[in-house]
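Okay, entry-v4.cif is below, mmCIF, C-alpha atoms:
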```cif
data_input
loop_
_atom_site.label_atom_id
_atom_site.label_comp_id
_atom_site.auth_asym_id
_atom_site.auth_seq_id
_atom_site.Cartn_x
_atom_site.Cartn_y
_atom_site.Cartn_z
CA TRP A 21 83.88 93.77 92.13
CA MET A 22 86.95 91.91 90.96
CA ALA A 23 87.39 90.50 94.46
CA TRP A 24 83.86 89.10 94.38
CA VAL A 25 84.47 87.55 90.98
CA VAL A 26 87.74 85.99 92.13
CA GLY A 27 86.11 84.76 95.32
CA GLY A 28 83.26 83.22 93.38
CA LEU A 29 85.62 81.47 90.99
CA VAL A 30 87.69 80.13 93.90
CA LEU A 31 84.55 78.77 95.54
CA LEU A 32 83.45 77.21 92.25
CA PHE A 33 86.78 75.53 91.62
CA THR A 34 86.99 74.37 95.24
CA THR A 35 83.63 72.69 94.92
CA ALA A 36 84.70 71.08 91.64
CA PHE A 37 87.94 69.79 93.09
CA MET A 38 86.15 68.37 96.15
CA ARG A 39 84.34 65.98 93.81
CA LEU A 40 87.67 64.60 92.66
CA GLY A 41 88.33 63.19 96.11
CA GLY A 42 92.08 62.91 96.59
CA LEU A 43 92.86 66.29 95.02
CA ALA A 44 90.48 68.15 97.30
CA SER A 45 92.71 68.14 100.38
CA LEU A 46 95.78 69.16 98.43
CA PHE A 47 93.95 72.00 96.69
CA ASP A 48 92.31 73.25 99.90
CA ALA A 49 95.59 73.18 101.79
CA ALA A 50 97.42 75.11 99.07
CA LEU A 51 94.60 77.67 98.88
CA ALA A 52 94.52 78.17 102.65
CA ILE A 53 98.26 78.73 102.87
CA TYR A 54 98.22 81.09 99.88
CA LEU A 55 95.40 83.22 101.29
CA ARG A 56 96.89 83.40 104.78
CA LEU A 57 100.46 84.16 103.78
CA PHE A 58 99.95 86.47 100.82
CA TRP A 59 96.69 88.21 101.67
CA ASP A 60 97.52 88.74 105.34
CA THR A 61 101.25 89.47 105.27
CA ASP A 62 100.98 92.52 107.52
CA GLY A 63 98.88 90.80 110.15
CA CYS A 64 95.65 92.53 109.05
CA TYR A 65 92.54 90.63 108.08
CA CYS A 66 91.65 90.53 104.41
CA ASP A 67 89.71 93.55 103.23
CA CYS A 68 87.90 91.26 100.83
CA LYS A 69 85.09 89.57 102.76
CA VAL A 70 84.77 86.74 100.27
CA LEU A 71 88.43 85.79 100.44
CA GLY A 72 88.40 86.30 104.19
CA PHE A 73 85.49 83.90 104.52
CA LEU A 74 87.12 81.33 102.25
CA MET A 75 90.38 81.63 104.17
CA LYS A 76 88.71 80.89 107.52
CA TRP A 77 86.66 78.07 106.01
CA GLN A 78 89.67 76.38 104.50
CA MET A 79 91.80 76.83 107.61
CA ALA A 80 89.12 75.30 109.80
CA ARG A 81 89.02 72.23 107.56
CA HIS A 82 92.79 71.76 107.60
CA PRO A 83 94.45 72.13 111.03
CA LEU A 84 97.82 71.31 109.46
CA THR A 85 97.73 74.44 107.33
CA ARG A 86 96.95 76.50 110.40
CA ARG A 87 99.99 75.04 112.11
CA ILE A 88 102.19 75.90 109.12
CA VAL A 89 100.94 79.48 109.17
CA LEU A 90 101.58 79.80 112.91
CA MET A 91 105.14 78.57 112.41
CA TRP A 92 105.55 81.13 109.64
CA ARG A 93 104.27 83.86 111.97
CA GLN A 94 106.77 82.85 114.63
CA PHE A 95 109.56 82.98 112.08
CA ARG A 96 108.52 86.42 110.85
CA CYS A 97 108.40 87.98 114.30
CA GLY A 98 111.86 86.63 115.12
CA ALA A 99 110.94 85.20 118.51
CA ALA A 100 112.71 82.17 119.91
CA LYS A 101 110.84 79.16 121.25
CA ARG A 102 111.90 78.35 124.80
CA SER A 103 110.83 76.04 127.60
CA ILE A 104 111.01 75.86 131.36
CA SER A 105 110.89 72.41 132.93
CA LEU A 106 109.81 72.01 136.54
CA PRO A 107 109.52 68.76 138.49
CA ASP A 108 105.80 68.45 137.67
CA TYR A 109 105.32 70.80 134.76
CA LYS A 110 106.73 72.14 131.51
CA PHE A 111 106.03 75.59 130.11
CA MET A 112 106.56 76.46 126.44
CA TYR A 113 106.76 80.06 125.31
CA LEU A 114 108.03 82.51 122.72
CA GLU A 115 110.53 85.15 123.78
CA HIS A 116 112.35 88.03 122.16
CA GLY A 117 114.92 90.19 123.89
CA GLN A 118 116.08 90.27 127.50
CA ALA A 119 114.60 91.94 130.52
CA SER A 120 116.39 94.92 132.03
CA ALA A 121 115.66 98.05 134.00
CA GLU A 122 115.57 100.01 130.73
CA ARG A 123 113.67 97.44 128.66
CA PRO A 124 110.27 96.52 130.16
CA THR A 125 108.88 93.02 129.91
CA VAL A 126 105.44 92.31 128.45
CA LEU A 127 103.82 88.95 129.23
CA LEU A 128 101.06 87.91 126.81
CA LEU A 129 98.29 85.47 127.78
CA HIS A 130 96.20 84.05 124.91
CA GLY A 131 92.57 82.99 124.96
CA PHE A 132 90.86 79.62 125.21
CA THR A 133 91.86 77.08 122.50
CA SER A 134 94.44 79.52 121.11
CA GLY A 135 98.25 79.43 121.44
CA LYS A 136 101.38 81.48 121.90
CA GLU A 137 101.89 81.95 118.15
CA GLU A 138 98.66 83.94 117.92
CA TRP A 139 100.55 86.87 119.48
CA SER A 140 103.31 86.89 116.87
CA GLU A 141 102.03 89.93 114.96
CA ILE A 142 101.59 91.89 118.21
CA MET A 143 105.07 90.79 119.24
CA ARG A 144 106.50 92.29 116.05
CA LEU A 145 105.16 95.67 117.12
CA LEU A 146 106.41 95.38 120.70
CA ILE A 147 109.85 93.95 119.99
CA PRO A 148 111.53 97.31 119.23
CA ILE A 149 110.59 98.70 122.65
CA ALA A 150 110.18 95.74 124.99
CA HIS A 151 111.22 92.31 126.11
CA VAL A 152 108.26 90.19 124.99
CA VAL A 153 107.09 86.81 126.27
CA ALA A 154 104.08 84.84 124.95
CA ILE A 155 103.28 81.66 126.83
CA ASP A 156 101.27 78.59 125.90
CA MET A 157 98.63 78.66 128.63
CA PRO A 158 98.17 75.55 130.80
CA GLY A 159 96.48 72.80 128.82
CA HIS A 160 97.22 74.52 125.50
CA GLY A 161 99.83 74.21 122.78
CA GLU A 162 103.06 72.62 123.93
CA THR A 163 102.71 73.37 127.62
CA THR A 164 101.95 70.35 129.84
CA ARG A 165 98.51 68.83 129.38
CA ASN A 166 97.43 66.90 132.43
CA PRO A 167 93.83 65.62 132.27
CA ARG A 168 93.72 65.68 136.07
CA GLY A 169 95.17 69.16 136.35
CA ASP A 170 93.37 72.19 137.76
CA PHE A 171 92.29 74.30 134.77
CA SER A 172 90.07 76.64 136.73
CA VAL A 173 90.90 80.34 136.61
CA ALA A 174 92.41 80.12 140.11
CA GLY A 175 94.46 77.08 139.15
CA THR A 176 95.67 78.74 135.95
CA VAL A 177 96.61 81.91 137.85
CA ALA A 178 98.74 79.79 140.18
CA ARG A 179 100.53 78.28 137.17
CA ILE A 180 101.17 81.70 135.63
CA ARG A 181 102.68 82.83 138.92
CA GLN A 182 104.82 79.69 138.92
CA PHE A 183 106.00 80.57 135.40
CA ALA A 184 106.75 84.18 136.38
CA GLU A 185 108.90 82.99 139.28
CA ALA A 186 110.72 80.28 137.31
CA SER A 187 111.43 82.51 134.31
CA GLY A 188 112.78 85.40 136.35
CA LEU A 189 110.07 87.85 135.27
CA LEU A 190 109.62 88.98 138.86
CA LYS A 191 113.13 90.42 139.01
CA HIS A 192 112.27 93.56 137.05
CA GLY A 193 108.51 93.18 137.07
CA PHE A 194 106.35 93.07 133.94
CA HIS A 195 103.34 94.40 132.08
CA LEU A 196 100.56 91.82 131.79
CA VAL A 197 98.31 91.55 128.73
CA GLY A 198 95.46 89.06 128.40
CA SER A 199 92.97 88.31 125.63
CA SER A 200 89.58 86.60 126.10
CA TRP A 201 90.04 83.80 128.66
CA GLY A 202 93.63 84.98 129.07
CA GLY A 203 92.18 88.37 130.02
CA HIS A 204 90.09 86.75 132.73
CA VAL A 205 93.17 84.99 134.07
CA ALA A 206 95.22 88.20 133.84
CA GLY A 207 92.62 90.17 135.79
CA VAL A 208 92.50 87.65 138.62
CA TYR A 209 96.30 87.42 138.61
CA ALA A 210 96.57 91.20 139.02
CA SER A 211 94.19 91.20 141.97
CA LYS A 212 96.01 88.35 143.69
CA TYR A 213 99.62 89.23 142.83
CA PRO A 214 99.88 93.01 142.35
CA ASP A 215 103.53 92.96 143.37
CA ARG A 216 106.03 93.40 140.50
CA LEU A 217 103.16 94.12 138.11
CA HIS A 218 103.61 97.42 136.25
CA SER A 219 100.34 97.50 134.31
CA LEU A 220 97.38 95.38 133.22
CA SER A 221 95.79 95.36 129.75
CA LEU A 222 92.64 93.31 129.07
CA MET A 223 91.45 92.61 125.53
CA CYS A 224 87.83 91.42 125.40
CA PRO A 225 88.23 89.52 128.69
CA SER A 226 85.80 86.74 129.52
CA GLY A 227 84.31 86.17 132.96
#
```

I'd like the structure from this file rewritten - as structure tokens, please.
Amino acid sequence: WMAWVVGGLVLLFTTAFMRLGGLASLFDAALAIYLRLFWDTDGCYCDCKVLGFLMKWQMARHPLTRRIVLMWRQFRCGAAKRSISLPDYKFMYLEHGQASAERPTVLLLHGFTSGKEEWSEIMRLLIPIAHVVAIDMPGHGETTRNPRGDFSVAGTVARIRQFAEASGLLKHGFHLVGSSWGGHVAGVYASKYPDRLHSLSLMCPSG
């Protein structure tokens, strides 16, 4: 019941501060960062539904706070931000560890409108046992955004294959994991390029 009381008070004060104009954004931003960092430190969603709702509401209103939290997640998981530049394209991704015959590689494909940092909590769990790579999918995050590019599933699969070749993932092969739209892409990739693919994991795939 205390959580409901606290949630109600937060909502009340938020509404009050919104009427003050300039202070609203500062208050909302501070609240969003506080809720995300201190109520979700282990990567689990808030048990308190009220605070969970407020957290999502505030984050949606302030994209900057979401970006700060994603940077914090990247820092916590210890992954390094890397890039691969090709003549017509640039891939951005997070990586931890090095591929070897003894240390399998896991390639993570995020969903539509998401980004590589969304995998940071999963990466923390995989890092002790694997070489982990989370890529910004074509048209997302810091990977090249070309309005005239081919963002169909087939076109995206071709780009992922291009990334796998350029990054050296094909040398030892890799496990492929995809979520939502990334799961759709991962499934088509596996059917088209089964070579050097050790396993396929789909999390709520679309399509």

What separates atom CA of A:Leu114 and atom CA of A:Ile155 is a distance of 6.3 Å

Quick one: everything within 8 Å of stretch 97-109 of chain A, counting only C-alpha atoms, minus sequence neighbours fewer than 6 positions away in the same chain. Send it as a list in words.
Glu115, His116, Ser140, Glu141, Met143, Arg144, Thr164, Phe183, Ala186 and Ser187 of chain A

Grab the residues selected above and save them as a CSV table (one decimal), keeping the file's coordinate frame with C-alpha atoms.
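File written: result_9.csv
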```csv
chain,number,residue,atom,x,y,z
A,115,GLU,CA,110.5,85.2,123.8
A,116,HIS,CA,112.4,88.0,122.2
A,140,SER,CA,103.3,86.9,116.9
A,141,GLU,CA,102.0,89.9,115.0
A,143,MET,CA,105.1,90.8,119.2
A,144,ARG,CA,106.5,92.3,116.0
A,164,THR,CA,102.0,70.4,129.8
A,183,PHE,CA,106.0,80.6,135.4
A,186,ALA,CA,110.7,80.3,137.3
A,187,SER,CA,111.4,82.5,134.3
```

Gap from atom CA of A:Gly131 to atom CA of A:Ser199 - Å, one decimal:
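Calculated distance between atom CA of A:Gly131 and atom CA of A:Ser199 is 5.4 Å.
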
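Atom CA of A:Ser219 to atom CA of A:Asp156 spans 20.7 Å [interatomic distance, one decimal].
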
Can you tell me, as a list in words, what residues are no more than 7 Å from A:Gly198 when counting only C-alpha atoms, ignoring any on the same chain fewer than 3 positions away?
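Close residues of A:Gly198: Leu128, Leu129, His130, Gly202, Gly203, Ala206, Ser221, Leu222 and Met223 of chain A.
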
Selection from above, C-alpha atoms, as a tab-separated table (two decimals), in the frame of the given file, can you write it?
```tsv
chain	number	residue	atom	x	y	z
A	128	LEU	CA	101.06	87.91	126.81
A	129	LEU	CA	98.29	85.47	127.78
A	130	HIS	CA	96.20	84.05	124.91
A	202	GLY	CA	93.63	84.98	129.07
A	203	GLY	CA	92.18	88.37	130.02
A	206	ALA	CA	95.22	88.20	133.84
A	221	SER	CA	95.79	95.36	129.75
A	222	LEU	CA	92.64	93.31	129.07
A	223	MET	CA	91.45	92.61	125.53
```
